[in-house]
>>> print(open('target_28.pdb').read())   # PDB, C-alpha atoms
ATOM      1  CA  MET A   1      -7.517  19.036 -25.699  1.00  0.00           C
ATOM      2  CA  PRO A   2     -10.877  17.381 -24.848  1.00  0.00           C
ATOM      3  CA  GLU A   3     -12.521  15.487 -27.687  1.00  0.00           C
ATOM      4  CA  ALA A   4     -15.646  17.679 -27.461  1.00  0.00           C
ATOM      5  CA  GLN A   5     -13.558  20.726 -28.362  1.00  0.00           C
ATOM      6  CA  THR A   6     -11.920  19.132 -31.385  1.00  0.00           C
ATOM      7  CA  ARG A   7     -14.868  17.201 -32.832  1.00  0.00           C
ATOM      8  CA  LYS A   8     -16.209  18.656 -36.077  1.00  0.00           C
ATOM      9  CA  PRO A   9     -19.816  19.951 -35.791  1.00  0.00           C
ATOM     10  CA  SER A  10     -22.414  17.548 -37.147  1.00  0.00           C
ATOM     11  CA  ARG A  11     -24.605  18.448 -40.114  1.00  0.00           C
ATOM     12  CA  ILE A  12     -27.495  19.125 -37.745  1.00  0.00           C
ATOM     13  CA  GLN A  13     -25.335  21.440 -35.647  1.00  0.00           C
ATOM     14  CA  GLN A  14     -24.112  23.267 -38.755  1.00  0.00           C
ATOM     15  CA  ARG A  15     -27.679  23.550 -40.039  1.00  0.00           C
ATOM     16  CA  ASN A  16     -28.996  24.849 -36.714  1.00  0.00           C
ATOM     17  CA  ARG A  17     -26.175  27.377 -36.424  1.00  0.00           C
ATOM     18  CA  LYS A  18     -26.921  28.688 -39.928  1.00  0.00           C
ATOM     19  CA  ARG A  19     -30.633  28.760 -39.075  1.00  0.00           C
ATOM     20  CA  ILE A  20     -29.936  30.856 -35.980  1.00  0.00           C
ATOM     21  CA  LEU A  21     -27.688  33.274 -37.835  1.00  0.00           C
ATOM     22  CA  ASP A  22     -30.204  33.737 -40.634  1.00  0.00           C
ATOM     23  CA  ALA A  23     -32.972  34.385 -38.113  1.00  0.00           C
ATOM     24  CA  ALA A  24     -30.759  36.783 -36.185  1.00  0.00           C
ATOM     25  CA  LEU A  25     -29.925  38.680 -39.373  1.00  0.00           C
ATOM     26  CA  GLU A  26     -33.647  39.207 -39.955  1.00  0.00           C
ATOM     27  CA  VAL A  27     -34.218  40.344 -36.377  1.00  0.00           C
ATOM     28  CA  PHE A  28     -31.181  42.629 -36.122  1.00  0.00           C
ATOM     29  CA  SER A  29     -31.835  44.241 -39.516  1.00  0.00           C
ATOM     30  CA  SER A  30     -35.465  44.896 -38.550  1.00  0.00           C
ATOM     31  CA  HIS A  31     -35.115  45.882 -34.885  1.00  0.00           C
ATOM     32  CA  GLY A  32     -31.499  47.020 -34.512  1.00  0.00           C
ATOM     33  CA  TYR A  33     -29.184  45.647 -31.852  1.00  0.00           C
ATOM     34  CA  ARG A  34     -30.991  47.214 -28.913  1.00  0.00           C
ATOM     35  CA  GLY A  35     -34.438  46.137 -30.062  1.00  0.00           C
ATOM     36  CA  ALA A  36     -33.381  42.571 -30.809  1.00  0.00           C
ATOM     37  CA  THR A  37     -33.790  39.902 -28.144  1.00  0.00           C
ATOM     38  CA  LEU A  38     -32.909  36.230 -27.892  1.00  0.00           C
ATOM     39  CA  ASP A  39     -36.631  35.483 -27.663  1.00  0.00           C
ATOM     40  CA  LEU A  40     -37.246  37.215 -31.009  1.00  0.00           C
ATOM     41  CA  ILE A  41     -34.332  35.335 -32.574  1.00  0.00           C
ATOM     42  CA  ALA A  42     -35.576  32.036 -31.170  1.00  0.00           C
ATOM     43  CA  ASP A  43     -39.085  32.674 -32.503  1.00  0.00           C
ATOM     44  CA  GLU A  44     -37.756  33.609 -35.941  1.00  0.00           C
ATOM     45  CA  ALA A  45     -35.539  30.506 -36.004  1.00  0.00           C
ATOM     46  CA  GLY A  46     -38.272  28.208 -34.724  1.00  0.00           C
ATOM     47  CA  LEU A  47     -35.993  27.028 -31.930  1.00  0.00           C
ATOM     48  CA  SER A  48     -36.094  27.317 -28.159  1.00  0.00           C
ATOM     49  CA  LYS A  49     -34.076  29.952 -26.334  1.00  0.00           C
ATOM     50  CA  PRO A  50     -31.965  27.265 -24.563  1.00  0.00           C
ATOM     51  CA  ASN A  51     -31.241  25.812 -28.002  1.00  0.00           C
ATOM     52  CA  ILE A  52     -29.961  29.212 -29.152  1.00  0.00           C
ATOM     53  CA  LEU A  53     -27.713  29.404 -26.076  1.00  0.00           C
ATOM     54  CA  TYR A  54     -26.297  25.958 -26.852  1.00  0.00           C
ATOM     55  CA  TYR A  55     -24.686  27.442 -29.974  1.00  0.00           C
ATOM     56  CA  PHE A  56     -23.999  31.022 -28.870  1.00  0.00           C
ATOM     57  CA  SER A  57     -23.221  32.604 -25.508  1.00  0.00           C
ATOM     58  CA  GLY A  58     -25.736  35.402 -26.027  1.00  0.00           C
ATOM     59  CA  LYS A  59     -27.084  38.152 -28.268  1.00  0.00           C
ATOM     60  CA  GLU A  60     -23.738  39.916 -28.614  1.00  0.00           C
ATOM     61  CA  ASP A  61     -21.982  36.698 -29.637  1.00  0.00           C
ATOM     62  CA  ILE A  62     -24.515  36.210 -32.440  1.00  0.00           C
ATOM     63  CA  HIS A  63     -24.240  39.843 -33.523  1.00  0.00           C
ATOM     64  CA  VAL A  64     -20.436  39.804 -33.624  1.00  0.00           C
ATOM     65  CA  THR A  65     -20.483  36.550 -35.615  1.00  0.00           C
ATOM     66  CA  LEU A  66     -22.762  38.147 -38.208  1.00  0.00           C
ATOM     67  CA  LEU A  67     -20.609  41.274 -38.407  1.00  0.00           C
ATOM     68  CA  ASN A  68     -17.440  39.211 -38.842  1.00  0.00           C
ATOM     69  CA  GLN A  69     -19.036  37.331 -41.741  1.00  0.00           C
ATOM     70  CA  LEU A  70     -20.345  40.557 -43.248  1.00  0.00           C
ATOM     71  CA  MET A  71     -17.051  42.435 -43.371  1.00  0.00           C
ATOM     72  CA  GLU A  72     -15.417  40.042 -45.832  1.00  0.00           C
ATOM     73  CA  THR A  73     -18.400  40.279 -48.172  1.00  0.00           C
ATOM     74  CA  TRP A  74     -18.522  44.060 -47.800  1.00  0.00           C
ATOM     75  CA  LEU A  75     -14.838  44.606 -48.595  1.00  0.00           C
ATOM     76  CA  ASP A  76     -14.554  42.241 -51.561  1.00  0.00           C
ATOM     77  CA  PRO A  77     -15.796  44.681 -54.268  1.00  0.00           C
ATOM     78  CA  LEU A  78     -13.358  47.367 -53.128  1.00  0.00           C
ATOM     79  CA  GLU A  79     -10.547  44.798 -52.994  1.00  0.00           C
ATOM     80  CA  ASP A  80     -11.338  43.927 -56.610  1.00  0.00           C
ATOM     81  CA  MET A  81     -10.623  47.451 -57.899  1.00  0.00           C
ATOM     82  CA  ASP A  82      -7.660  46.674 -60.177  1.00  0.00           C
ATOM     83  CA  ALA A  83      -4.748  49.107 -60.435  1.00  0.00           C
ATOM     84  CA  GLU A  84      -3.971  47.691 -63.899  1.00  0.00           C
ATOM     85  CA  GLY A  85      -7.479  48.185 -65.244  1.00  0.00           C
ATOM     86  CA  ASP A  86      -9.099  51.150 -66.942  1.00  0.00           C
ATOM     87  CA  PRO A  87      -9.717  53.683 -64.120  1.00  0.00           C
ATOM     88  CA  LEU A  88     -13.215  54.743 -65.178  1.00  0.00           C
ATOM     89  CA  GLU A  89     -14.381  51.183 -65.799  1.00  0.00           C
ATOM     90  CA  GLU A  90     -12.881  49.945 -62.523  1.00  0.00           C
ATOM     91  CA  ILE A  91     -14.787  52.570 -60.545  1.00  0.00           C
ATOM     92  CA  MET A  92     -18.008  52.043 -62.508  1.00  0.00           C
ATOM     93  CA  SER A  93     -17.741  48.303 -61.909  1.00  0.00           C
ATOM     94  CA  TYR A  94     -17.471  49.078 -58.211  1.00  0.00           C
ATOM     95  CA  VAL A  95     -20.559  51.328 -58.343  1.00  0.00           C
ATOM     96  CA  HIS A  96     -22.615  48.634 -60.087  1.00  0.00           C
ATOM     97  CA  ARG A  97     -21.450  45.910 -57.698  1.00  0.00           C
ATOM     98  CA  LYS A  98     -22.289  48.005 -54.652  1.00  0.00           C
ATOM     99  CA  LEU A  99     -25.777  48.642 -55.993  1.00  0.00           C
ATOM    100  CA  GLU A 100     -26.199  44.948 -56.759  1.00  0.00           C
ATOM    101  CA  MET A 101     -25.285  44.202 -53.154  1.00  0.00           C
ATOM    102  CA  SER A 102     -28.250  46.339 -52.079  1.00  0.00           C
ATOM    103  CA  ARG A 103     -30.378  43.964 -54.142  1.00  0.00           C
ATOM    104  CA  GLU A 104     -28.682  40.781 -52.917  1.00  0.00           C
ATOM    105  CA  PHE A 105     -27.928  41.659 -49.283  1.00  0.00           C
ATOM    106  CA  PRO A 106     -30.430  44.277 -48.023  1.00  0.00           C
ATOM    107  CA  ARG A 107     -30.558  42.820 -44.507  1.00  0.00           C
ATOM    108  CA  GLU A 108     -26.769  42.756 -44.251  1.00  0.00           C
ATOM    109  CA  SER A 109     -26.631  46.385 -45.381  1.00  0.00           C
ATOM    110  CA  ARG A 110     -29.101  47.417 -42.678  1.00  0.00           C
ATOM    111  CA  LEU A 111     -27.195  45.389 -40.084  1.00  0.00           C
ATOM    112  CA  PHE A 112     -24.015  47.279 -41.004  1.00  0.00           C
ATOM    113  CA  ALA A 113     -25.806  50.656 -41.012  1.00  0.00           C
ATOM    114  CA  ASN A 114     -27.364  50.034 -37.591  1.00  0.00           C
ATOM    115  CA  GLU A 115     -23.975  49.132 -36.134  1.00  0.00           C
ATOM    116  CA  ILE A 116     -22.362  52.284 -37.528  1.00  0.00           C
ATOM    117  CA  LEU A 117     -25.221  54.499 -36.319  1.00  0.00           C
ATOM    118  CA  GLN A 118     -24.612  53.177 -32.794  1.00  0.00           C
ATOM    119  CA  GLY A 119     -20.959  54.227 -32.994  1.00  0.00           C
ATOM    120  CA  ALA A 120     -19.617  50.850 -34.188  1.00  0.00           C
ATOM    121  CA  PRO A 121     -19.173  49.419 -30.664  1.00  0.00           C
ATOM    122  CA  ARG A 122     -18.640  45.879 -31.945  1.00  0.00           C
ATOM    123  CA  MET A 123     -17.196  46.624 -35.391  1.00  0.00           C
ATOM    124  CA  ALA A 124     -14.609  49.304 -34.552  1.00  0.00           C
ATOM    125  CA  PRO A 125     -11.648  46.856 -34.667  1.00  0.00           C
ATOM    126  CA  HIS A 126     -12.680  45.720 -38.163  1.00  0.00           C
ATOM    127  CA  LEU A 127     -12.971  49.312 -39.349  1.00  0.00           C
ATOM    128  CA  GLN A 128      -9.445  50.038 -38.123  1.00  0.00           C
ATOM    129  CA  THR A 129      -7.698  46.852 -39.250  1.00  0.00           C
ATOM    130  CA  GLY A 130      -9.785  45.866 -42.280  1.00  0.00           C
ATOM    131  CA  LEU A 131     -11.528  48.825 -43.879  1.00  0.00           C
ATOM    132  CA  LYS A 132      -9.089  51.667 -43.089  1.00  0.00           C
ATOM    133  CA  PRO A 133      -5.964  50.199 -44.777  1.00  0.00           C
ATOM    134  CA  LEU A 134      -8.023  49.152 -47.805  1.00  0.00           C
ATOM    135  CA  PHE A 135      -9.698  52.571 -47.972  1.00  0.00           C
ATOM    136  CA  ASP A 136      -6.316  54.310 -47.798  1.00  0.00           C
ATOM    137  CA  SER A 137      -4.909  52.058 -50.515  1.00  0.00           C
ATOM    138  CA  LYS A 138      -7.788  52.607 -52.930  1.00  0.00           C
ATOM    139  CA  THR A 139      -8.015  56.359 -52.355  1.00  0.00           C
ATOM    140  CA  ALA A 140      -4.282  56.541 -53.086  1.00  0.00           C
ATOM    141  CA  LEU A 141      -4.886  54.604 -56.304  1.00  0.00           C
ATOM    142  CA  ILE A 142      -7.707  56.934 -57.366  1.00  0.00           C
ATOM    143  CA  ARG A 143      -5.543  59.949 -56.496  1.00  0.00           C
ATOM    144  CA  LYS A 144      -2.803  58.501 -58.746  1.00  0.00           C
ATOM    145  CA  TRP A 145      -5.273  58.043 -61.619  1.00  0.00           C
ATOM    146  CA  VAL A 146      -6.408  61.653 -61.199  1.00  0.00           C
ATOM    147  CA  ALA A 147      -2.797  62.912 -61.159  1.00  0.00           C
ATOM    148  CA  GLU A 148      -2.123  60.977 -64.370  1.00  0.00           C
ATOM    149  CA  GLY A 149      -5.055  62.705 -66.044  1.00  0.00           C
ATOM    150  CA  ARG A 150      -6.984  59.449 -66.428  1.00  0.00           C
ATOM    151  CA  LEU A 151      -9.876  60.658 -64.270  1.00  0.00           C
ATOM    152  CA  ALA A 152     -11.426  64.073 -63.730  1.00  0.00           C
ATOM    153  CA  GLN A 153     -10.390  66.049 -60.649  1.00  0.00           C
ATOM    154  CA  VAL A 154     -12.196  64.468 -57.691  1.00  0.00           C
ATOM    155  CA  GLU A 155     -11.416  64.010 -54.003  1.00  0.00           C
ATOM    156  CA  PRO A 156     -11.118  60.204 -53.673  1.00  0.00           C
ATOM    157  CA  ARG A 157     -12.434  59.925 -50.116  1.00  0.00           C
ATOM    158  CA  HIS A 158     -15.599  61.843 -50.893  1.00  0.00           C
ATOM    159  CA  LEU A 159     -16.004  59.909 -54.122  1.00  0.00           C
ATOM    160  CA  LEU A 160     -16.112  56.633 -52.175  1.00  0.00           C
ATOM    161  CA  PHE A 161     -18.400  58.128 -49.537  1.00  0.00           C
ATOM    162  CA  SER A 162     -20.751  59.227 -52.324  1.00  0.00           C
ATOM    163  CA  ILE A 163     -20.743  55.778 -53.918  1.00  0.00           C
ATOM    164  CA  TRP A 164     -21.595  54.180 -50.587  1.00  0.00           C
ATOM    165  CA  ALA A 165     -24.338  56.712 -49.865  1.00  0.00           C
ATOM    166  CA  THR A 166     -26.034  56.427 -53.249  1.00  0.00           C
ATOM    167  CA  THR A 167     -25.887  52.650 -53.559  1.00  0.00           C
ATOM    168  CA  GLN A 168     -26.571  51.504 -49.989  1.00  0.00           C
ATOM    169  CA  HIS A 169     -29.469  53.965 -49.722  1.00  0.00           C
ATOM    170  CA  TYR A 170     -31.679  51.532 -51.630  1.00  0.00           C
ATOM    171  CA  ALA A 171     -31.226  48.852 -48.971  1.00  0.00           C
ATOM    172  CA  ASP A 172     -30.962  50.971 -45.828  1.00  0.00           C
ATOM    173  CA  PHE A 173     -33.995  53.134 -46.706  1.00  0.00           C
ATOM    174  CA  ASP A 174     -35.944  50.425 -48.517  1.00  0.00           C
ATOM    175  CA  ALA A 175     -39.240  51.231 -46.773  1.00  0.00           C
ATOM    176  CA  GLN A 176     -39.015  54.875 -47.849  1.00  0.00           C
ATOM    177  CA  VAL A 177     -37.933  53.992 -51.388  1.00  0.00           C
ATOM    178  CA  ARG A 178     -40.886  51.613 -51.793  1.00  0.00           C
ATOM    179  CA  VAL A 179     -43.366  54.284 -50.651  1.00  0.00           C
ATOM    180  CA  LEU A 180     -41.898  57.018 -52.840  1.00  0.00           C
ATOM    181  CA  THR A 181     -41.694  54.814 -55.927  1.00  0.00           C
ATOM    182  CA  GLU A 182     -45.126  53.304 -55.213  1.00  0.00           C
ATOM    183  CA  GLY A 183     -43.666  49.817 -55.046  1.00  0.00           C
ATOM    184  CA  GLU A 184     -42.025  49.999 -58.473  1.00  0.00           C
ATOM    185  CA  THR A 185     -40.461  46.589 -59.029  1.00  0.00           C
ATOM    186  CA  ASN A 186     -37.559  47.651 -61.262  1.00  0.00           C
ATOM    187  CA  VAL A 187     -36.419  50.647 -59.209  1.00  0.00           C
ATOM    188  CA  LEU A 188     -32.862  49.294 -58.910  1.00  0.00           C
ATOM    189  CA  ASP A 189     -32.604  48.948 -62.678  1.00  0.00           C
ATOM    190  CA  GLY A 190     -33.424  52.623 -62.996  1.00  0.00           C
ATOM    191  CA  ALA A 191     -30.981  53.446 -60.209  1.00  0.00           C
ATOM    192  CA  ASP A 192     -28.256  51.492 -61.976  1.00  0.00           C
ATOM    193  CA  ALA A 193     -28.687  53.494 -65.177  1.00  0.00           C
ATOM    194  CA  PHE A 194     -28.891  56.807 -63.306  1.00  0.00           C
ATOM    195  CA  LEU A 195     -25.793  56.198 -61.174  1.00  0.00           C
ATOM    196  CA  ASP A 196     -23.857  55.030 -64.216  1.00  0.00           C
ATOM    197  CA  GLN A 197     -24.692  58.294 -66.007  1.00  0.00           C
ATOM    198  CA  MET A 198     -23.967  60.439 -62.949  1.00  0.00           C
ATOM    199  CA  PHE A 199     -20.601  58.959 -62.015  1.00  0.00           C
ATOM    200  CA  ARG A 200     -19.409  58.696 -65.634  1.00  0.00           C
ATOM    201  CA  LYS A 201     -20.091  62.398 -66.140  1.00  0.00           C
ATOM    202  CA  LEU A 202     -18.344  63.209 -62.879  1.00  0.00           C
ATOM    203  CA  LEU A 203     -15.240  61.139 -63.607  1.00  0.00           C
ATOM    204  CA  SER A 204     -14.743  61.391 -67.379  1.00  0.00           C
ATOM    205  CA  VAL A 205     -11.944  63.633 -68.644  1.00  0.00           C
TER     206      VAL A 205
END
>>> encode(input="target_28.pdb", output="structure tokens")
Amino acid sequence: MPEAQTRKPSRIQQRNRKRILDAALEVFSSHGYRGATLDLIADEAGLSKPNILYYFSGKEDIHVTLLNQLMETWLDPLEDMDAEGDPLEEIMSYVHRKLEMSREFPRESRLFANEILQGAPRMAPHLQTGLKPLFDSKTALIRKWVAEGRLAQVEPRHLLFSIWATTQHYADFDAQVRVLTEGETNVLDGADAFLDQMFRKLLSV
């Protein structure tokens, strides 16, 4: 194998690659995949377009790289739902972590939402091989908890859909939330308390 293919990237190369990906995340989350261009990414990164193409083959390559990185982060909280833990507390921990991710990763949330709204053309394999088995496993676990009488009667799939909808809303519809709450700075704190109350009432036996 040629030396150029095996040589570890230099610090400058690693820094520039991270700089490009961070800029691309901003552009994709703001403009969507179709509205994003290499010129916009280059401007946001403060690099030339040829410099961008030195590290990535094109816009799709950058987008897929971001999505690949995102999926691991996105699945971790669901992975952490412990079959040996208290069912109600395990689910509430998941609700709170998902809402916190809206605070920590709003651009990533919008990137994911934009991809799904387009029919998941670049993420479909991850949904099938990553999310679907995990989703099936955790809905089976919740169904078991319900059957054991440890949770109220709920349909596990729709429970997870509802958690995603209510928590990711604050990132995906941030512009609307800010207008409707008149720029309230602690809106997520209020959301955290409200969702805790709502899901506890729904799930408690």
>>> resolve_selection(input="target_28.pdb", expression="the PyMOL selection byres ((chain A and resi 82-84) around 12)", output="PDB file with C-alpha atoms, in the coordinates of the input")
ATOM      1  CA  ASP A  76     -14.554  42.241 -51.561  1.00  0.00           C
ATOM      2  CA  PRO A  77     -15.796  44.681 -54.268  1.00  0.00           C
ATOM      3  CA  LEU A  78     -13.358  47.367 -53.128  1.00  0.00           C
ATOM      4  CA  GLU A  79     -10.547  44.798 -52.994  1.00  0.00           C
ATOM      5  CA  ASP A  80     -11.338  43.927 -56.610  1.00  0.00           C
ATOM      6  CA  MET A  81     -10.623  47.451 -57.899  1.00  0.00           C
ATOM      7  CA  GLY A  85      -7.479  48.185 -65.244  1.00  0.00           C
ATOM      8  CA  ASP A  86      -9.099  51.150 -66.942  1.00  0.00           C
ATOM      9  CA  PRO A  87      -9.717  53.683 -64.120  1.00  0.00           C
ATOM     10  CA  LEU A  88     -13.215  54.743 -65.178  1.00  0.00           C
ATOM     11  CA  GLU A  89     -14.381  51.183 -65.799  1.00  0.00           C
ATOM     12  CA  GLU A  90     -12.881  49.945 -62.523  1.00  0.00           C
ATOM     13  CA  ILE A  91     -14.787  52.570 -60.545  1.00  0.00           C
ATOM     14  CA  MET A  92     -18.008  52.043 -62.508  1.00  0.00           C
ATOM     15  CA  SER A  93     -17.741  48.303 -61.909  1.00  0.00           C
ATOM     16  CA  TYR A  94     -17.471  49.078 -58.211  1.00  0.00           C
ATOM     17  CA  SER A 137      -4.909  52.058 -50.515  1.00  0.00           C
ATOM     18  CA  LYS A 138      -7.788  52.607 -52.930  1.00  0.00           C
ATOM     19  CA  THR A 139      -8.015  56.359 -52.355  1.00  0.00           C
ATOM     20  CA  ALA A 140      -4.282  56.541 -53.086  1.00  0.00           C
ATOM     21  CA  LEU A 141      -4.886  54.604 -56.304  1.00  0.00           C
ATOM     22  CA  ILE A 142      -7.707  56.934 -57.366  1.00  0.00           C
ATOM     23  CA  ARG A 143      -5.543  59.949 -56.496  1.00  0.00           C
ATOM     24  CA  LYS A 144      -2.803  58.501 -58.746  1.00  0.00           C
ATOM     25  CA  TRP A 145      -5.273  58.043 -61.619  1.00  0.00           C
TER      26      TRP A 145
END
>>> closest_residue(input="target_28.pdb", among="A:Arg110, A:Ala45, A:His126, A:Ser102", to="Val187 of chain A", atoms="only C-alpha atoms")
A:Ser102
>>> closest_residue(input="target_28.pdb", among="A:Ile20, A:Val95, A:Leu40, A:Ala193", to="Tyr54 of chain A", atoms="only C-alpha atoms")
A:Ile20
>>> residues_around(input="target_28.pdb", residues="Leu66 of chain A", least_positions_apart="6", cutoff="12 Å", atoms="all atoms listed in the file", output="MDAnalysis selection string")
chainID A and resid 17:18 20:29 33 56 59:60 72:73 107:109 111:112 115 122:123
>>> write_last_selection(input="target_28.pdb", atoms="C-alpha atoms", output="PDB file, in the frame of the given file")
ATOM      1  CA  ARG A  17     -26.175  27.377 -36.424  1.00  0.00           C
ATOM      2  CA  LYS A  18     -26.921  28.688 -39.928  1.00  0.00           C
ATOM      3  CA  ILE A  20     -29.936  30.856 -35.980  1.00  0.00           C
ATOM      4  CA  LEU A  21     -27.688  33.274 -37.835  1.00  0.00           C
ATOM      5  CA  ASP A  22     -30.204  33.737 -40.634  1.00  0.00           C
ATOM      6  CA  ALA A  23     -32.972  34.385 -38.113  1.00  0.00           C
ATOM      7  CA  ALA A  24     -30.759  36.783 -36.185  1.00  0.00           C
ATOM      8  CA  LEU A  25     -29.925  38.680 -39.373  1.00  0.00           C
ATOM      9  CA  GLU A  26     -33.647  39.207 -39.955  1.00  0.00           C
ATOM     10  CA  VAL A  27     -34.218  40.344 -36.377  1.00  0.00           C
ATOM     11  CA  PHE A  28     -31.181  42.629 -36.122  1.00  0.00           C
ATOM     12  CA  SER A  29     -31.835  44.241 -39.516  1.00  0.00           C
ATOM     13  CA  TYR A  33     -29.184  45.647 -31.852  1.00  0.00           C
ATOM     14  CA  PHE A  56     -23.999  31.022 -28.870  1.00  0.00           C
ATOM     15  CA  LYS A  59     -27.084  38.152 -28.268  1.00  0.00           C
ATOM     16  CA  GLU A  60     -23.738  39.916 -28.614  1.00  0.00           C
ATOM     17  CA  GLU A  72     -15.417  40.042 -45.832  1.00  0.00           C
ATOM     18  CA  THR A  73     -18.400  40.279 -48.172  1.00  0.00           C
ATOM     19  CA  ARG A 107     -30.558  42.820 -44.507  1.00  0.00           C
ATOM     20  CA  GLU A 108     -26.769  42.756 -44.251  1.00  0.00           C
ATOM     21  CA  SER A 109     -26.631  46.385 -45.381  1.00  0.00           C
ATOM     22  CA  LEU A 111     -27.195  45.389 -40.084  1.00  0.00           C
ATOM     23  CA  PHE A 112     -24.015  47.279 -41.004  1.00  0.00           C
ATOM     24  CA  GLU A 115     -23.975  49.132 -36.134  1.00  0.00           C
ATOM     25  CA  ARG A 122     -18.640  45.879 -31.945  1.00  0.00           C
ATOM     26  CA  MET A 123     -17.196  46.624 -35.391  1.00  0.00           C
TER      27      MET A 123
END
>>> atom_distance(input="target_28.pdb", atom1="atom CA of Leu134 of chain A", atom2="atom CA of Leu75 of chain A")
8.2 Å
>>> closest_residue(input="target_28.pdb", among="A:His31, A:Ile12, A:His63, A:Pro156", to="Ala120 of chain A", atoms="all atoms listed in the file")
A:His63
>>> atom_distance(input="target_28.pdb", atom1="atom CA of Arg150 of chain A", atom2="atom CA of Leu202 of chain A")
12.5 Å
>>> atom_distance(input="target_28.pdb", atom1="atom CA of Leu195 of chain A", atom2="atom CA of Val146 of chain A")
20.1 Å
>>> closest_residue(input="target_28.pdb", among="A:Thr167, A:Gln176, A:Gln153, A:Asn114", to="Arg34 of chain A", atoms="only C-alpha atoms")
A:Asn114
>>> closest_residue(input="target_28.pdb", among="A:Phe135, A:Pro121, A:Lys98, A:Thr129", to="His158 of chain A", atoms="only C-alpha atoms")
A:Phe135
>>> residues_near_point(input="target_28.pdb", point="(-32.6, 55.1, -48.9)", cutoff="12 Å", atoms="all atoms listed in the file", output="list in words")
Leu99, Ser102, Pro106, Ser109, Arg110, Ala113, Trp164, Ala165, Thr166, Thr167, Gln168, His169, Tyr170, Ala171, Asp172, Phe173, Asp174, Ala175, Gln176, Val177, Arg178, Val179, Leu180, Thr181, Val187, Leu188 and Ala191 of chain A
>>> closest_residue(input="target_28.pdb", among="A:Arg103, A:Lys201, A:Gly149, A:Pro125", to="Thr185 of chain A", atoms="all atoms listed in the file")
A:Arg103
>>> resolve_selection(input="target_28.pdb", expression="the PyMOL selection byres ((chain A and resi 39) around 10)", output="list of chain:residue names")
A:Ala36, A:Thr37, A:Leu38, A:Leu40, A:Ile41, A:Ala42, A:Asp43, A:Glu44, A:Ala45, A:Leu47, A:Ser48, A:Lys49, A:Pro50, A:Ile52, A:Lys59
>>> write_last_selection(input="target_28.pdb", atoms="C-alpha atoms", output="JSON list (two decimals), in the frame of the given file")
[["chain", "number", "residue", "atom", "x", "y", "z"],
["A", 36, "ALA", "CA", -33.38, 42.57, -30.81],
["A", 37, "THR", "CA", -33.79, 39.90, -28.14],
["A", 38, "LEU", "CA", -32.91, 36.23, -27.89],
["A", 40, "LEU", "CA", -37.25, 37.22, -31.01],
["A", 41, "ILE", "CA", -34.33, 35.34, -32.57],
["A", 42, "ALA", "CA", -35.58, 32.04, -31.17],
["A", 43, "ASP", "CA", -39.08, 32.67, -32.50],
["A", 44, "GLU", "CA", -37.76, 33.61, -35.94],
["A", 45, "ALA", "CA", -35.54, 30.51, -36.00],
["A", 47, "LEU", "CA", -35.99, 27.03, -31.93],
["A", 48, "SER", "CA", -36.09, 27.32, -28.16],
["A", 49, "LYS", "CA", -34.08, 29.95, -26.33],
["A", 50, "PRO", "CA", -31.96, 27.26, -24.56],
["A", 52, "ILE", "CA", -29.96, 29.21, -29.15],
["A", 59, "LYS", "CA", -27.08, 38.15, -28.27]]
